[in-house]
Structures are given as structure tokens and as C-alpha cells.
$ cat coords_12.txt   # compact mmCIF, C-alpha atoms
# COMPACT_ATOMS: atom_id res chain seq x y z
CA MET Q 179 -59.78 -14.28 178.27
CA THR Q 180 -63.27 -15.45 179.17
CA ASP Q 181 -61.85 -18.58 180.80
CA ASP Q 182 -59.44 -16.45 182.85
CA ASN Q 183 -62.26 -14.17 184.02
CA ALA Q 184 -64.32 -17.19 185.02
CA ARG Q 185 -61.42 -18.54 187.07
CA VAL Q 186 -61.03 -15.25 188.99
CA GLY Q 187 -64.31 -15.95 190.77
CA GLU Q 188 -63.34 -19.54 191.56
CA GLY Q 189 -61.31 -20.80 194.44
CA ASN Q 190 -61.07 -19.91 198.08
CA GLY Q 191 -59.70 -16.90 199.85
CA ALA Q 192 -59.62 -13.21 198.98
CA ALA Q 193 -58.14 -13.77 195.53
CA GLY Q 194 -61.11 -15.92 194.54
CA ARG Q 195 -63.79 -13.52 195.70
CA SER Q 196 -65.22 -10.74 193.60
CA LEU Q 197 -64.14 -7.17 194.15
CA LEU Q 198 -67.70 -6.28 195.14
CA THR Q 199 -67.73 -9.00 197.80
CA ARG Q 200 -64.38 -7.88 199.22
CA LEU Q 201 -65.49 -4.22 199.29
CA SER Q 202 -68.76 -5.23 200.88
CA ASP Q 203 -66.85 -7.10 203.59
CA LEU Q 204 -64.63 -4.09 204.15
CA PHE Q 205 -67.34 -1.44 204.30
CA GLY Q 206 -70.33 -3.43 205.53
CA SER Q 207 -73.05 -5.34 203.84
CA ALA Q 208 -74.63 -4.26 200.60
CA PRO Q 209 -77.70 -2.04 200.94
CA GLN Q 210 -81.01 -3.87 200.90
CA ALA Q 211 -84.51 -2.73 200.07
CA LEU Q 212 -86.16 -1.23 203.14
CA SER Q 213 -89.62 -1.91 204.42
CA PRO Q 214 -91.53 0.64 206.55
CA GLU Q 215 -90.53 -1.35 209.65
CA ASP Q 216 -86.89 -0.98 208.67
CA ASP Q 217 -87.34 2.80 208.42
CA ALA Q 218 -88.74 2.89 211.96
CA ASP Q 219 -85.88 0.72 213.19
CA LYS Q 220 -83.37 3.02 211.49
CA LEU Q 221 -84.86 6.05 213.25
CA GLN Q 222 -84.67 4.24 216.58
CA VAL Q 223 -81.03 3.32 215.98
CA ALA Q 224 -80.19 6.86 214.85
CA THR Q 225 -81.82 8.47 217.88
CA CYS Q 226 -80.24 5.99 220.26
CA THR Q 227 -76.83 6.49 218.67
CA ILE Q 228 -76.80 10.24 219.17
CA LEU Q 229 -77.97 9.86 222.77
CA LEU Q 230 -75.15 7.37 223.37
CA GLU Q 231 -72.65 9.61 221.59
CA VAL Q 232 -73.28 12.47 223.96
CA ALA Q 233 -73.45 10.16 226.99
CA ARG Q 234 -70.00 8.81 226.13
CA ALA Q 235 -68.51 12.17 225.10
CA ASP Q 236 -66.79 12.62 228.45
CA ASP Q 237 -65.42 9.04 228.33
CA GLU Q 238 -67.75 8.06 231.16
CA PHE Q 239 -71.12 6.43 230.60
CA SER Q 240 -72.58 6.79 234.08
CA GLU Q 241 -75.44 4.71 235.40
CA ALA Q 242 -77.60 7.86 235.57
CA GLU Q 243 -76.91 8.55 231.90
CA ARG Q 244 -77.65 4.95 230.95
CA ARG Q 245 -80.93 5.03 232.90
CA HIS Q 246 -81.94 8.22 231.16
CA VAL Q 247 -81.14 6.81 227.71
CA VAL Q 248 -83.13 3.64 228.45
CA ASP Q 249 -86.08 5.63 229.85
CA THR Q 250 -86.04 7.96 226.84
CA LEU Q 251 -86.02 5.06 224.37
CA CYS Q 252 -88.84 3.31 226.24
CA ARG Q 253 -90.97 6.45 226.30
CA ARG Q 254 -90.22 7.74 222.79
CA PHE Q 255 -90.56 4.43 220.96
CA SER Q 256 -92.90 2.51 223.30
CA LEU Q 257 -90.23 -0.10 224.00
CA SER Q 258 -89.86 -2.48 226.90
CA HIS Q 259 -86.78 -2.12 229.09
CA SER Q 260 -85.19 -5.21 227.48
CA ASP Q 261 -85.97 -3.90 223.97
CA ALA Q 262 -84.32 -0.57 224.87
CA GLU Q 263 -81.24 -2.43 226.15
CA ALA Q 264 -81.12 -4.43 222.90
CA LEU Q 265 -81.42 -1.17 220.92
CA ILE Q 266 -78.45 0.22 222.84
CA GLU Q 267 -76.39 -2.83 221.88
CA THR Q 268 -77.47 -2.61 218.22
CA SER Q 269 -76.74 1.13 218.09
CA THR Q 270 -73.34 0.64 219.70
CA GLN Q 271 -72.44 -1.92 217.04
CA LYS Q 272 -73.72 0.30 214.20
CA ARG Q 273 -71.74 3.27 215.55
CA ARG Q 274 -68.55 1.21 215.64
CA GLY Q 275 -69.01 0.58 211.93
CA THR Q 276 -69.14 4.27 210.98
CA TYR Q 277 -66.70 7.15 210.84
CA ASP Q 278 -69.04 9.97 211.76
CA LEU Q 279 -72.53 10.88 212.92
CA TRP Q 280 -73.82 12.16 209.57
CA HIS Q 281 -75.51 8.86 208.65
CA PHE Q 282 -77.51 8.92 211.89
CA THR Q 283 -78.43 12.61 211.84
CA HIS Q 284 -79.35 12.31 208.16
CA GLU Q 285 -81.86 9.59 209.10
CA ILE Q 286 -83.35 11.88 211.77
CA ASN Q 287 -83.47 14.81 209.33
CA ASP Q 288 -85.30 12.65 206.79
CA SER Q 289 -87.77 11.22 209.32
CA CYS Q 290 -88.48 13.99 211.82
CA THR Q 291 -90.06 17.40 211.85
CA ARG Q 292 -88.23 20.38 213.30
CA ALA Q 293 -90.31 20.07 216.49
CA GLU Q 294 -89.34 16.39 216.83
CA LYS Q 295 -85.67 17.25 216.33
CA LEU Q 296 -85.96 19.90 219.04
CA ARG Q 297 -87.37 17.25 221.40
CA ILE Q 298 -84.45 14.98 220.55
CA ILE Q 299 -82.00 17.80 221.34
CA GLU Q 300 -83.79 18.32 224.66
CA GLU Q 301 -83.21 14.63 225.39
CA VAL Q 302 -79.56 15.10 224.47
CA TRP Q 303 -79.33 17.92 227.05
CA ARG Q 304 -81.06 15.70 229.63
CA VAL Q 305 -78.48 12.98 229.06
CA ILE Q 306 -75.69 15.52 229.45
CA TYR Q 307 -77.10 16.82 232.73
CA ALA Q 308 -78.04 13.36 234.06
CA ASP Q 309 -74.70 13.29 235.90
CA GLY Q 310 -74.98 16.95 236.93
CA THR Q 311 -72.14 18.33 234.82
CA LEU Q 312 -71.47 19.70 231.35
CA THR Q 313 -67.96 18.95 230.08
CA SER Q 314 -66.31 20.71 227.17
CA HIS Q 315 -66.47 17.47 225.16
CA GLU Q 316 -70.23 17.15 225.76
CA ASP Q 317 -70.71 20.80 224.81
CA TYR Q 318 -68.76 20.23 221.59
CA VAL Q 319 -70.82 17.14 220.69
CA VAL Q 320 -74.19 18.79 221.33
CA HIS Q 321 -73.21 21.79 219.17
CA LYS Q 322 -72.03 19.41 216.44
CA LEU Q 323 -75.32 17.49 216.64
CA ALA Q 324 -77.35 20.71 216.40
CA LYS Q 325 -75.52 21.66 213.20
CA LEU Q 326 -75.98 18.19 211.73
CA LEU Q 327 -79.69 18.33 212.60
CA ASN Q 328 -80.00 21.75 210.92
CA LEU Q 329 -80.93 23.48 214.16
CA ALA Q 330 -79.82 27.04 214.85
CA HIS Q 331 -77.75 28.00 217.89
CA PRO Q 332 -80.72 29.80 219.53
CA ASP Q 333 -82.73 26.55 219.20
CA LEU Q 334 -79.96 24.70 221.02
CA ILE Q 335 -79.78 27.24 223.83
CA GLU Q 336 -83.58 27.42 224.24
CA ALA Q 337 -83.72 23.61 224.49
CA LYS Q 338 -80.95 23.68 227.10
CA LEU Q 339 -82.77 26.33 229.15
CA ARG Q 340 -86.02 24.35 228.99
CA VAL Q 341 -84.22 21.27 230.28
CA LEU Q 342 -82.65 23.28 233.08
CA GLY Q 343 -86.06 24.74 233.95
CA LYS Q 344 -85.05 28.27 233.00
CA GLY Q 345 -86.76 28.56 229.62
CA SER Q 346 -90.12 29.96 228.70
CA GLY Q 347 -91.38 26.51 227.68
CA ALA Q 348 -90.45 24.72 230.92

$ encode --input "coords_12.txt" --output "C-alpha cells"
Amino acid sequence: MTDDNARVGEGNGAAGRSLLTRLSDLFGSAPQALSPEDDADKLQVATCTILLEVARADDEFSEAERRHVVDTLCRRFSLSHSDAEALIETSTQKRRGTYDLWHFTHEINDSCTRAEKLRIIEEVWRVIYADGTLTSHEDYVVHKLAKLLNLAHPDLIEAKLRVLGKGSGA
């Protein structure tokens, strides 16, 4: 039986690969130990991903929305324009490999204070209004994000009013 088990790992193709390797291929690479730089990168990817999610919620990623996302990333993370563009590409790829937004909002919840999350939600509203309209899909996504970020509905509305220049903090 030992010889048979040894032969399972030999050979080429899917039959010769370990179950762990095949599952890793299916669901992404195995987790690796993270350095502090990796944590910062993960926060950048998570923030970028939710900004892109809301920008694409209406199936149109306008140039105004893209400009706002790039400007936000440059300002928030002290990135160059080209680094922000690269972050957008990385985030787009990471999002394609996931089923939901929980992974990204979980990273933000672990890394950010409530005040920082409120600033992120304000940026989400700015992306939504970059093209001058709020669609029902965008409204749904921003409410979903607020719940995933553990923000109350009044927090969401106050952030929206601040962005529109109608809030007390504007």
C-alpha cells in the first residue's frame, strides 16, 4: 500500500498531483505568511476593490469614475498615478477570483478605525456621484458595503449628505 501511495504523487497530469495541489489550483494559491508590507498592500487592494465595485455597479465605468478612483488611491495611499493604475489592475484580478466582497471588507474592518471606514464610504459616494447619477444598483451596492463595514444606516446617509454638500460636516 505504501508503494501505491507513493505512485499517486508520481506522473504528469491531474491524476499525478496531490489533492492539495489540485484544490490550491482551483481556489487560488495557498496562504503565505504576511509581512507588514503585505498587510498594507492588502488594505490598498481591499479599498480599491470596493471603489471599483461601486464604480462598475451600473455596468458603466465612466472616465469620471475612473479618474476619481485613481485620484482617491493616489491621495489616500500616497501613490503615483502609474502605481494607482497598477493597483486597479491588481484589484480587478483579485476581485475576479472571489465570489463576494466579504474578504475585502473584512480586511478593511481589521485594518481601519470607524472614522477611516466612514471616509472610505464617503469616497464610495464620491465615485457614485462622479457621473452625476445614482442608480438603483449603485444604491444597493453602497448599502451592502455599509453593512459589511459594520456601519449603521444613519452613518451611510450622513456620509452621502456630506459628499453632496448638505451635511453638517461639509

$ atom_distance --input "coords_12.txt" --atom1 "atom CA of Asp219 of chain Q" --atom2 "atom CA of Gln271 of chain Q"
14.2 Å

$ residues_around --input "coords_12.txt" --residues "Glu243 of chain Q" --least-positions-apart "5" --cutoff "10 Å" --atoms "only C-alpha atoms" --output "list in words"
Leu229, Leu230, Val232, Ala233, Arg234, Glu238, Val248, Asp249, Arg304, Val305, Ile306, Tyr307, Ala308, Asp309 and Gly310 of chain Q

$ closest_residue --input "coords_12.txt" --among "Q:Ala218, Q:Leu342, Q:Leu251, Q:Ala330" --to "Lys295 of chain Q" --atoms "only C-alpha atoms"
Q:Ala330

$ atom_distance --input "coords_12.txt" --atom1 "atom CA of Ile335 of chain Q" --atom2 "atom CA of Thr291 of chain Q"
18.6 Å

$ residues_near_point --input "coords_12.txt" --point "(-79.0, 10.9, 208.5)" --cutoff "12 Å" --atoms "all atoms listed in the file" --output "list in words"
Asp217, Lys220, Leu221, Gln222, Val223, Ala224, Thr225, Thr227, Ile228, Asp278, Leu279, Trp280, His281, Phe282, Thr283, His284, Glu285, Ile286, Asn287, Asp288, Ser289, Cys290, Leu323, Leu326, Leu327 and Asn328 of chain Q

$ atom_distance --input "coords_12.txt" --atom1 "atom CA of Leu334 of chain Q" --atom2 "atom CA of Phe239 of chain Q"
22.4 Å

$ decode --input "coords_12.txt" --residues "segment 298-335 of chain Q" --atoms "C-alpha atoms" --output "mmCIF file, in the first residue's frame"
data_model
loop_
_atom_site.group_PDB
_atom_site.id
_atom_site.type_symbol
_atom_site.label_atom_id
_atom_site.label_comp_id
_atom_site.auth_asym_id
_atom_site.auth_seq_id
_atom_site.Cartn_x
_atom_site.Cartn_y
_atom_site.Cartn_z
ATOM 1 C CA ILE Q 298 -13.941 55.231 2.686
ATOM 2 C CA ILE Q 299 -17.749 55.285 2.442
ATOM 3 C CA GLU Q 300 -17.559 58.986 1.582
ATOM 4 C CA GLU Q 301 -15.183 58.074 -1.247
ATOM 5 C CA VAL Q 302 -17.657 55.421 -2.362
ATOM 6 C CA TRP Q 303 -20.367 58.109 -2.548
ATOM 7 C CA ARG Q 304 -17.993 60.373 -4.491
ATOM 8 C CA VAL Q 305 -17.394 57.620 -7.031
ATOM 9 C CA ILE Q 306 -21.137 57.090 -7.354
ATOM 10 C CA TYR Q 307 -21.785 60.787 -7.961
ATOM 11 C CA ALA Q 308 -18.737 61.272 -10.231
ATOM 12 C CA ASP Q 309 -21.028 60.715 -13.223
ATOM 13 C CA GLY Q 310 -23.841 62.785 -11.688
ATOM 14 C CA THR Q 311 -26.328 59.974 -11.108
ATOM 15 C CA LEU Q 312 -27.258 57.381 -8.502
ATOM 16 C CA THR Q 313 -28.650 54.175 -9.999
ATOM 17 C CA SER Q 314 -30.578 51.559 -8.061
ATOM 18 C CA HIS Q 315 -27.663 49.135 -8.497
ATOM 19 C CA GLU Q 316 -25.192 51.647 -7.040
ATOM 20 C CA ASP Q 317 -27.560 52.332 -4.150
ATOM 21 C CA TYR Q 318 -27.824 48.600 -3.467
ATOM 22 C CA VAL Q 319 -24.028 48.151 -3.515
ATOM 23 C CA VAL Q 320 -23.327 51.091 -1.190
ATOM 24 C CA HIS Q 321 -25.908 49.810 1.321
ATOM 25 C CA LYS Q 322 -24.377 46.335 1.100
ATOM 26 C CA LEU Q 323 -20.899 47.787 1.669
ATOM 27 C CA ALA Q 324 -22.092 49.763 4.696
ATOM 28 C CA LYS Q 325 -23.459 46.588 6.279
ATOM 29 C CA LEU Q 326 -20.269 44.664 5.524
ATOM 30 C CA LEU Q 327 -18.223 47.506 7.046
ATOM 31 C CA ASN Q 328 -20.408 47.458 10.176
ATOM 32 C CA LEU Q 329 -21.676 50.983 9.583
ATOM 33 C CA ALA Q 330 -25.217 51.966 10.527
ATOM 34 C CA HIS Q 331 -27.700 53.373 8.027
ATOM 35 C CA PRO Q 332 -27.512 56.879 9.576
ATOM 36 C CA ASP Q 333 -23.714 56.783 9.059
ATOM 37 C CA LEU Q 334 -24.282 55.997 5.391
ATOM 38 C CA ILE Q 335 -26.789 58.804 4.919
#
